[in-house]
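Structure file upload.pdb with PDB, C-alpha atoms:
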```pdb
ATOM      1  CA  MET A 492      -9.247   8.627 -90.409
ATOM      2  CA  GLU A 493      -9.984   5.012 -89.597
ATOM      3  CA  LYS A 494     -12.905   4.334 -87.285
ATOM      4  CA  THR A 495     -12.068   2.450 -84.075
ATOM      5  CA  THR A 496     -13.964  -0.802 -83.770
ATOM      6  CA  HIS A 497     -15.044  -1.491 -80.228
ATOM      7  CA  ARG A 498     -15.821  -5.077 -79.263
ATOM      8  CA  TYR A 499     -18.656  -6.217 -77.004
ATOM      9  CA  ILE A 500     -17.359  -9.027 -74.779
ATOM     10  CA  VAL A 501     -19.293 -11.145 -72.301
ATOM     11  CA  ALA A 502     -17.175 -13.486 -70.182
ATOM     12  CA  GLN A 503     -17.726 -16.006 -67.420
ATOM     13  CA  TYR A 504     -14.674 -16.466 -65.221
ATOM     14  CA  GLU A 505     -13.191 -17.392 -61.899
ATOM     15  CA  LEU A 506     -10.486 -15.085 -60.562
ATOM     16  CA  TYR A 507      -7.766 -16.611 -58.402
ATOM     17  CA  SER A 508      -5.078 -14.605 -56.649
ATOM     18  CA  THR A 509      -1.651 -16.002 -55.890
ATOM     19  CA  ALA A 510       0.503 -14.667 -53.083
ATOM     20  CA  GLU A 511       3.358 -16.497 -51.363
ATOM     21  CA  GLY A 512       2.552 -19.640 -53.366
ATOM     22  CA  LYS A 513      -1.039 -19.818 -52.096
ATOM     23  CA  GLN A 514      -3.931 -19.607 -54.583
ATOM     24  CA  THR A 515      -7.260 -18.149 -53.411
ATOM     25  CA  LEU A 516     -10.575 -17.834 -55.278
ATOM     26  CA  GLU A 517     -11.340 -14.098 -55.127
ATOM     27  CA  GLU A 518     -14.492 -13.877 -57.226
ATOM     28  CA  ALA A 519     -16.526 -15.704 -59.810
ATOM     29  CA  THR A 520     -19.127 -14.472 -62.237
ATOM     30  CA  THR A 521     -22.479 -16.218 -62.461
ATOM     31  CA  GLU A 522     -24.676 -17.109 -65.415
ATOM     32  CA  GLU A 523     -27.084 -14.374 -64.314
ATOM     33  CA  LYS A 524     -24.260 -11.820 -63.871
ATOM     34  CA  PRO A 525     -21.429 -12.420 -66.343
ATOM     35  CA  PHE A 526     -18.796  -9.738 -66.909
ATOM     36  CA  ALA A 527     -19.822  -7.675 -69.957
ATOM     37  CA  PHE A 528     -17.834  -4.755 -71.306
ATOM     38  CA  LEU A 529     -16.970  -2.712 -74.372
ATOM     39  CA  THR A 530     -13.302  -2.666 -75.374
ATOM     40  CA  GLY A 531     -11.426   0.602 -75.662
ATOM     41  CA  PHE A 532     -13.115   2.437 -72.786
ATOM     42  CA  GLY A 533     -11.110   1.278 -69.773
ATOM     43  CA  MET A 534     -14.050  -0.764 -68.481
ATOM     44  CA  ALA A 535     -11.746  -3.743 -67.927
ATOM     45  CA  MET A 536      -8.202  -3.902 -66.606
ATOM     46  CA  GLU A 537      -5.972  -3.327 -69.645
ATOM     47  CA  PRO A 538      -4.111  -6.696 -69.508
ATOM     48  CA  PHE A 539      -7.468  -8.507 -69.083
ATOM     49  CA  GLU A 540      -8.947  -6.707 -72.097
ATOM     50  CA  LYS A 541      -5.839  -7.390 -74.179
ATOM     51  CA  ALA A 542      -6.018 -11.120 -73.355
ATOM     52  CA  VAL A 543      -9.693 -11.582 -74.323
ATOM     53  CA  LYS A 544     -10.502  -8.926 -76.950
ATOM     54  CA  ASP A 545      -9.622 -11.113 -79.928
ATOM     55  CA  LEU A 546     -11.253 -14.296 -78.604
ATOM     56  CA  SER A 547     -14.450 -15.686 -80.111
ATOM     57  CA  THR A 548     -17.699 -16.891 -78.583
ATOM     58  CA  GLY A 549     -17.071 -20.252 -76.903
ATOM     59  CA  ASP A 550     -13.309 -19.778 -76.532
ATOM     60  CA  LYS A 551     -11.875 -20.760 -73.163
ATOM     61  CA  PHE A 552      -9.110 -18.779 -71.465
ATOM     62  CA  ASP A 553      -6.644 -19.268 -68.626
ATOM     63  CA  PHE A 554      -4.071 -16.521 -68.139
ATOM     64  CA  THR A 555      -2.187 -14.828 -65.322
ATOM     65  CA  ILE A 556      -1.551 -11.119 -64.850
ATOM     66  CA  GLU A 557       1.532 -10.454 -62.730
ATOM     67  CA  CYS A 558       0.876  -8.176 -59.744
ATOM     68  CA  ASP A 559       2.986  -5.332 -61.239
ATOM     69  CA  ASN A 560       0.573  -5.225 -64.210
ATOM     70  CA  ALA A 561      -2.516  -5.641 -62.014
ATOM     71  CA  TYR A 562      -2.856  -3.677 -58.751
ATOM     72  CA  GLY A 563       0.839  -3.292 -58.013
ATOM     73  CA  ALA A 564       2.870  -4.203 -54.964
ATOM     74  CA  TYR A 565       1.424  -4.113 -51.480
ATOM     75  CA  GLU A 566       2.747  -0.962 -49.794
ATOM     76  CA  ALA A 567       2.998  -0.961 -45.997
ATOM     77  CA  GLU A 568       2.983   2.865 -45.944
ATOM     78  CA  ARG A 569      -0.550   2.771 -47.354
ATOM     79  CA  VAL A 570      -1.774   1.455 -43.996
ATOM     80  CA  VAL A 571      -2.601   4.622 -42.059
ATOM     81  CA  ASP A 572      -3.915   5.647 -38.661
ATOM     82  CA  LEU A 573      -6.831   8.054 -38.891
ATOM     83  CA  ASP A 574      -8.382   9.993 -36.024
ATOM     84  CA  LYS A 575     -11.423   8.234 -34.661
ATOM     85  CA  SER A 576     -13.299  11.567 -34.708
ATOM     86  CA  ILE A 577     -13.400  11.398 -38.525
ATOM     87  CA  PHE A 578     -15.841   8.496 -38.166
ATOM     88  CA  SER A 579     -18.103  10.147 -35.590
ATOM     89  CA  ILE A 580     -21.611  11.408 -36.182
ATOM     90  CA  ASN A 581     -22.909  13.879 -33.601
ATOM     91  CA  ASN A 582     -19.908  13.034 -31.383
ATOM     92  CA  HIS A 583     -20.739   9.312 -31.462
ATOM     93  CA  PHE A 584     -18.438   6.824 -33.171
ATOM     94  CA  ASP A 585     -20.163   5.119 -36.145
ATOM     95  CA  HIS A 586     -19.942   1.488 -34.913
ATOM     96  CA  GLU A 587     -22.592   0.428 -37.433
ATOM     97  CA  ASN A 588     -20.387   1.153 -40.465
ATOM     98  CA  ILE A 589     -16.862   1.246 -39.037
ATOM     99  CA  PHE A 590     -15.735  -2.186 -37.853
ATOM    100  CA  GLU A 591     -12.781  -4.487 -38.500
ATOM    101  CA  GLY A 592     -12.898  -5.725 -42.096
ATOM    102  CA  ALA A 593     -15.344  -3.051 -43.292
ATOM    103  CA  VAL A 594     -14.622  -1.527 -46.705
ATOM    104  CA  ILE A 595     -15.301   2.179 -46.385
ATOM    105  CA  PRO A 596     -15.437   5.069 -48.862
ATOM    106  CA  LEU A 597     -12.966   7.867 -48.127
ATOM    107  CA  GLU A 598     -12.119  11.185 -49.736
ATOM    108  CA  ASN A 599      -8.848  13.110 -49.653
ATOM    109  CA  GLU A 600      -8.358  16.874 -49.448
ATOM    110  CA  ASP A 601      -8.386  17.086 -53.264
ATOM    111  CA  GLY A 602     -11.858  15.512 -53.419
ATOM    112  CA  ASN A 603     -10.619  12.193 -54.846
ATOM    113  CA  ARG A 604     -12.657   9.223 -53.673
ATOM    114  CA  PHE A 605     -11.188   5.826 -52.855
ATOM    115  CA  LEU A 606     -11.811   2.821 -50.660
ATOM    116  CA  GLY A 607     -10.073   1.652 -47.521
ATOM    117  CA  ARG A 608     -10.400  -1.465 -45.383
ATOM    118  CA  VAL A 609     -10.613  -1.097 -41.594
ATOM    119  CA  VAL A 610      -7.788  -3.132 -40.046
ATOM    120  CA  SER A 611      -8.341  -2.264 -36.370
ATOM    121  CA  ILE A 612     -10.030   0.246 -34.093
ATOM    122  CA  GLY A 613      -8.111   1.682 -31.137
ATOM    123  CA  GLU A 614      -8.919   4.150 -28.384
ATOM    124  CA  GLU A 615      -8.174   7.207 -30.544
ATOM    125  CA  LYS A 616      -7.238   5.899 -33.994
ATOM    126  CA  VAL A 617      -8.718   3.722 -36.729
ATOM    127  CA  LYS A 618      -6.101   1.780 -38.742
ATOM    128  CA  VAL A 619      -7.134   1.731 -42.413
ATOM    129  CA  ASP A 620      -5.472  -0.168 -45.265
ATOM    130  CA  LEU A 621      -5.608   1.892 -48.479
ATOM    131  CA  ASN A 622      -4.028  -0.796 -50.661
ATOM    132  CA  HIS A 623      -6.302  -2.423 -53.224
ATOM    133  CA  PRO A 624      -7.447  -5.788 -51.775
ATOM    134  CA  LEU A 625      -5.589  -7.558 -54.602
ATOM    135  CA  ALA A 626      -2.372  -5.513 -54.335
ATOM    136  CA  GLY A 627       0.745  -7.682 -54.179
ATOM    137  CA  LYS A 628      -1.018 -10.631 -55.803
ATOM    138  CA  ASP A 629      -0.779 -12.245 -59.228
ATOM    139  CA  LEU A 630      -4.222 -12.679 -60.800
ATOM    140  CA  ASN A 631      -5.223 -15.855 -62.648
ATOM    141  CA  PHE A 632      -8.384 -15.651 -64.752
ATOM    142  CA  LYS A 633      -9.975 -18.913 -65.910
ATOM    143  CA  GLY A 634     -13.141 -18.864 -67.955
ATOM    144  CA  GLU A 635     -14.979 -18.764 -71.230
ATOM    145  CA  ILE A 636     -16.206 -16.155 -73.682
ATOM    146  CA  VAL A 637     -20.023 -16.254 -73.695
ATOM    147  CA  GLU A 638     -20.332 -13.652 -76.460
ATOM    148  CA  ALA A 639     -17.819 -11.705 -78.539
ATOM    149  CA  ARG A 640     -18.713  -9.409 -81.423
ATOM    150  CA  ASP A 641     -18.203  -5.910 -82.746
ATOM    151  CA  ALA A 642     -20.130  -3.405 -80.657
ATOM    152  CA  THR A 643     -22.945  -1.585 -82.407
ATOM    153  CA  ASP A 644     -22.839   2.190 -82.812
ATOM    154  CA  SER A 645     -25.840   2.459 -80.479
ATOM    155  CA  GLU A 646     -24.045   0.442 -77.748
ATOM    156  CA  VAL A 647     -21.009   2.725 -77.993
ATOM    157  CA  GLU A 648     -23.197   5.856 -77.988
ATOM    158  CA  GLY A 649     -25.228   4.476 -75.077
ATOM    159  CA  PHE A 650     -22.083   3.886 -73.034
ATOM    160  CA  ILE A 651     -20.784   7.397 -73.750
ATOM    161  CA  LYS A 652     -24.151   8.884 -72.717
ATOM    162  CA  HIS A 653     -24.075   6.742 -69.534
ATOM    163  CA  ILE A 654     -20.666   8.185 -68.591
ATOM    164  CA  GLU A 655     -21.776  11.745 -69.319
ATOM    165  CA  SER A 656     -24.999  11.377 -67.319
ATOM    166  CA  HIS A 657     -23.170   9.950 -64.291
ATOM    167  CA  HIS A 658     -20.373  12.514 -64.406
ATOM    168  CA  CYS A 659     -18.092   9.872 -63.027
ATOM    169  CA  GLY A 660     -16.747   8.031 -66.006
ATOM    170  CA  CYS A 661     -16.194   5.792 -63.040
ATOM    171  CA  GLY A 662     -13.016   7.714 -62.305
ATOM    172  CA  ASP A 663     -14.731   8.821 -59.093
ATOM    173  CA  CYS A 664     -14.142   5.414 -57.647
ATOM    174  CA  GLU A 665     -10.501   5.228 -58.662
ATOM    175  CA  GLY A 666     -11.170   2.095 -60.722
ATOM    176  CA  ASP A 667     -12.395   0.148 -57.724
ATOM    177  CA  CYS A 668     -16.059  -0.091 -58.623
ATOM    178  CA  HIS A 669     -15.929  -3.600 -60.065
ATOM    179  CA  HIS A 670     -18.947  -4.525 -57.960
ATOM    180  CA  ASP A 671     -21.646  -2.018 -57.173
ATOM    181  CA  ASP A 672     -21.104  -2.635 -53.463
ATOM    182  CA  HIS A 673     -17.428  -1.692 -53.852
ATOM    183  CA  GLY A 674     -17.665   1.750 -55.327
ATOM    184  CA  CYS A 675     -19.672   4.462 -56.897
ATOM    185  CA  GLY A 676     -22.581   2.187 -57.760
ATOM    186  CA  CYS A 677     -22.703   3.305 -61.358
ATOM    187  CA  GLY A 678     -22.620  -0.269 -62.598
ATOM    188  CA  CYS A 679     -19.391   0.198 -64.527
ATOM    189  CA  HIS A 680     -17.027  -2.731 -64.225
ATOM    190  CA  HIS A 681     -13.308  -2.158 -63.847
ATOM    191  CA  HIS A 682     -10.739  -4.901 -63.690
TER     192      HIS A 682
END
```

Now that the file is in, can you turn its structure into structure tokens?
Amino acid sequence: MEKTTHRYIVAQYELYSTAEGKQTLEEATTEEKPFAFLTGFGMAMEPFEKAVKDLSTGDKFDFTIECDNAYGAYEAERVVDLDKSIFSINNHFDHENIFEGAVIPLENEDGNRFLGRVVSIGEEKVKVDLNHPLAGKDLNFKGEIVEARDATDSEVEGFIKHIESHHCGCGDCEGDCHHDDHGCGCGCHHH
């Protein structure tokens, strides 16, 4: 049986979204916080990983992932009205954390965790958008490979131990924990 070779990739990039012909800068890595991941573990969005996994240190890239291969189409039915009481603590509405534009963690009846963005707050309902913020948008990544090499056995083992110790494999955040402030806080990076 052939051993799978995982690659260790460190990339600097700017991510632009395109919707209705308008391009918007969504995020950019910094020198202090580049995007580093091991291939083959789902740490990066599959089309992103496929585009950069065979690049070498110093290579530049500029590619677009169509919305259907990224976060899918924007679905109007994923904008829901939730009872305001859900967001109350001791019968008082949580104004500190629930406000227009806030990204909030939610959990469904099956215990699955996901994020929603507060669209509006009414007298009895809170309108929450459950679409990924980049749903319905094509994603254009422009950047450079800072480091690309085969991952060491200890890096692969360390990552596996990290997943096992966090019990989340980052699946707890439904793949939305790209930034620690957007998800489970385990430091895993999904694209």

task = Tell me which protein, DNA and RNA residues are within 6 Å of Ile500 (chain A), counting only C-alpha atoms, leaving out same-chain ones fewer than 3 positions away, and put them as a count of residues only.
result = 4

query = Just how far from CA of Thr530 (chain A) is CA of Leu506 (chain A), in Å to one decimal?
reply =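 Value for the CA of Leu506 (chain A)-CA of Thr530 (chain A) distance: 19.5 Å.
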
task = Can you work out which one of A:Ala510, A:Phe532, A:Glu523, A:Lys544 has the shortest atom-to-atom distance to Phe650 (chain A), counting all atoms listed in the file?
result =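 Among A:Ala510, A:Phe532, A:Glu523, A:Lys544, it is A:Phe532 that comes nearest to Phe650 (chain A).
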
ask   = Which is closer to Gly549 (chain A) than all the others in A:Ser508, A:Asn582, A:Gln514, A:Gln503, using only C-alpha atoms?
value = A:Gln503

message = Using all atoms listed in the file, can you tell me which of A:Ser645, A:Thr496, A:Asn631, A:Thr509 comes closest to Phe552 (chain A)?
response =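 Checking each candidate against Phe552 (chain A), we get A:Asn631 as the closest.
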
Since the input is missing atoms for region 577-588 of chain A, could you rebuild it with all heavy atoms and give the result as a tab-separated table (two decimals), in the coordinates of the input?
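Written file, result06.tsv:
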```tsv
chain	number	residue	atom	x	y	z
A	577	ILE	N	-12.98	11.33	-37.12
A	577	ILE	CA	-13.40	11.40	-38.52
A	577	ILE	C	-14.64	10.54	-38.76
A	577	ILE	O	-15.47	10.84	-39.60
A	577	ILE	CB	-12.26	10.91	-39.45
A	577	ILE	CG1	-11.07	11.87	-39.39
A	577	ILE	CG2	-12.73	10.74	-40.90
A	577	ILE	CD1	-9.82	11.35	-40.09
A	578	PHE	N	-14.76	9.47	-37.98
A	578	PHE	CA	-15.84	8.50	-38.17
A	578	PHE	C	-16.96	8.68	-37.15
A	578	PHE	O	-17.71	7.75	-36.89
A	578	PHE	CB	-15.27	7.08	-38.08
A	578	PHE	CG	-14.14	6.85	-39.05
A	578	PHE	CD1	-12.82	6.83	-38.60
A	578	PHE	CD2	-14.37	6.70	-40.41
A	578	PHE	CE1	-11.77	6.64	-39.49
A	578	PHE	CE2	-13.33	6.53	-41.30
A	578	PHE	CZ	-12.03	6.49	-40.85
A	579	SER	N	-17.07	9.88	-36.59
A	579	SER	CA	-18.10	10.15	-35.59
A	579	SER	C	-19.22	10.97	-36.20
A	579	SER	O	-18.99	11.85	-37.03
A	579	SER	CB	-17.51	10.89	-34.39
A	579	SER	OG	-16.59	10.06	-33.72
A	580	ILE	N	-20.42	10.66	-35.77
A	580	ILE	CA	-21.61	11.41	-36.18
A	580	ILE	C	-22.24	11.94	-34.90
A	580	ILE	O	-22.53	11.16	-33.99
A	580	ILE	CB	-22.61	10.50	-36.94
A	580	ILE	CG1	-21.94	9.90	-38.18
A	580	ILE	CG2	-23.86	11.27	-37.32
A	580	ILE	CD1	-22.71	8.76	-38.81
A	581	ASN	N	-22.39	13.25	-34.81
A	581	ASN	CA	-22.91	13.88	-33.60
A	581	ASN	C	-22.13	13.43	-32.36
A	581	ASN	O	-22.72	13.06	-31.33
A	581	ASN	CB	-24.40	13.60	-33.42
A	581	ASN	CG	-25.23	14.16	-34.55
A	581	ASN	OD1	-24.88	15.19	-35.12
A	581	ASN	ND2	-26.31	13.49	-34.90
A	582	ASN	N	-20.82	13.42	-32.47
A	582	ASN	CA	-19.91	13.03	-31.38
A	582	ASN	C	-20.02	11.59	-30.95
A	582	ASN	O	-19.55	11.22	-29.87
A	582	ASN	CB	-20.08	13.96	-30.17
A	582	ASN	CG	-19.67	15.38	-30.49
A	582	ASN	OD1	-18.74	15.61	-31.25
A	582	ASN	ND2	-20.38	16.35	-29.92
A	583	HIS	N	-20.65	10.75	-31.76
A	583	HIS	CA	-20.74	9.31	-31.46
A	583	HIS	C	-20.06	8.53	-32.57
A	583	HIS	O	-20.37	8.74	-33.75
A	583	HIS	CB	-22.20	8.86	-31.33
A	583	HIS	CG	-22.91	9.48	-30.16
A	583	HIS	ND1	-22.62	9.13	-28.86
A	583	HIS	CD2	-23.88	10.42	-30.09
A	583	HIS	CE1	-23.39	9.84	-28.04
A	583	HIS	NE2	-24.17	10.65	-28.77
A	584	PHE	N	-19.16	7.63	-32.19
A	584	PHE	CA	-18.44	6.82	-33.17
A	584	PHE	C	-19.43	5.95	-33.94
A	584	PHE	O	-20.34	5.36	-33.36
A	584	PHE	CB	-17.39	5.95	-32.47
A	584	PHE	CG	-16.55	5.16	-33.42
A	584	PHE	CD1	-15.58	5.77	-34.21
A	584	PHE	CD2	-16.74	3.79	-33.56
A	584	PHE	CE1	-14.81	5.04	-35.10
A	584	PHE	CE2	-15.98	3.05	-34.46
A	584	PHE	CZ	-15.00	3.68	-35.23
A	585	ASP	N	-19.26	5.86	-35.25
A	585	ASP	CA	-20.16	5.12	-36.15
A	585	ASP	C	-19.83	3.62	-36.14
A	585	ASP	O	-19.25	3.09	-37.07
A	585	ASP	CB	-20.06	5.70	-37.56
A	585	ASP	CG	-21.03	5.06	-38.54
A	585	ASP	OD1	-21.85	4.23	-38.12
A	585	ASP	OD2	-20.95	5.39	-39.74
A	586	HIS	N	-20.22	2.93	-35.05
A	586	HIS	CA	-19.94	1.49	-34.91
A	586	HIS	C	-20.67	0.65	-35.96
A	586	HIS	O	-20.22	-0.43	-36.31
A	586	HIS	CB	-20.38	0.98	-33.52
A	586	HIS	CG	-19.52	1.50	-32.42
A	586	HIS	ND1	-18.27	0.99	-32.15
A	586	HIS	CD2	-19.71	2.51	-31.52
A	586	HIS	CE1	-17.74	1.64	-31.14
A	586	HIS	NE2	-18.59	2.57	-30.74
A	587	GLU	N	-21.79	1.18	-36.47
A	587	GLU	CA	-22.59	0.43	-37.43
A	587	GLU	C	-21.84	0.22	-38.76
A	587	GLU	O	-21.94	-0.83	-39.38
A	587	GLU	CB	-23.91	1.17	-37.69
A	587	GLU	CG	-24.92	0.35	-38.43
A	587	GLU	CD	-26.27	1.07	-38.52
A	587	GLU	OE1	-26.75	1.55	-37.47
A	587	GLU	OE2	-26.79	1.14	-39.64
A	588	ASN	N	-21.09	1.22	-39.18
A	588	ASN	CA	-20.39	1.15	-40.47
A	588	ASN	C	-18.88	0.99	-40.36
A	588	ASN	O	-18.23	0.58	-41.31
A	588	ASN	CB	-20.68	2.42	-41.28
A	588	ASN	CG	-22.15	2.51	-41.65
A	588	ASN	OD1	-22.70	1.61	-42.28
A	588	ASN	ND2	-22.80	3.59	-41.24
```
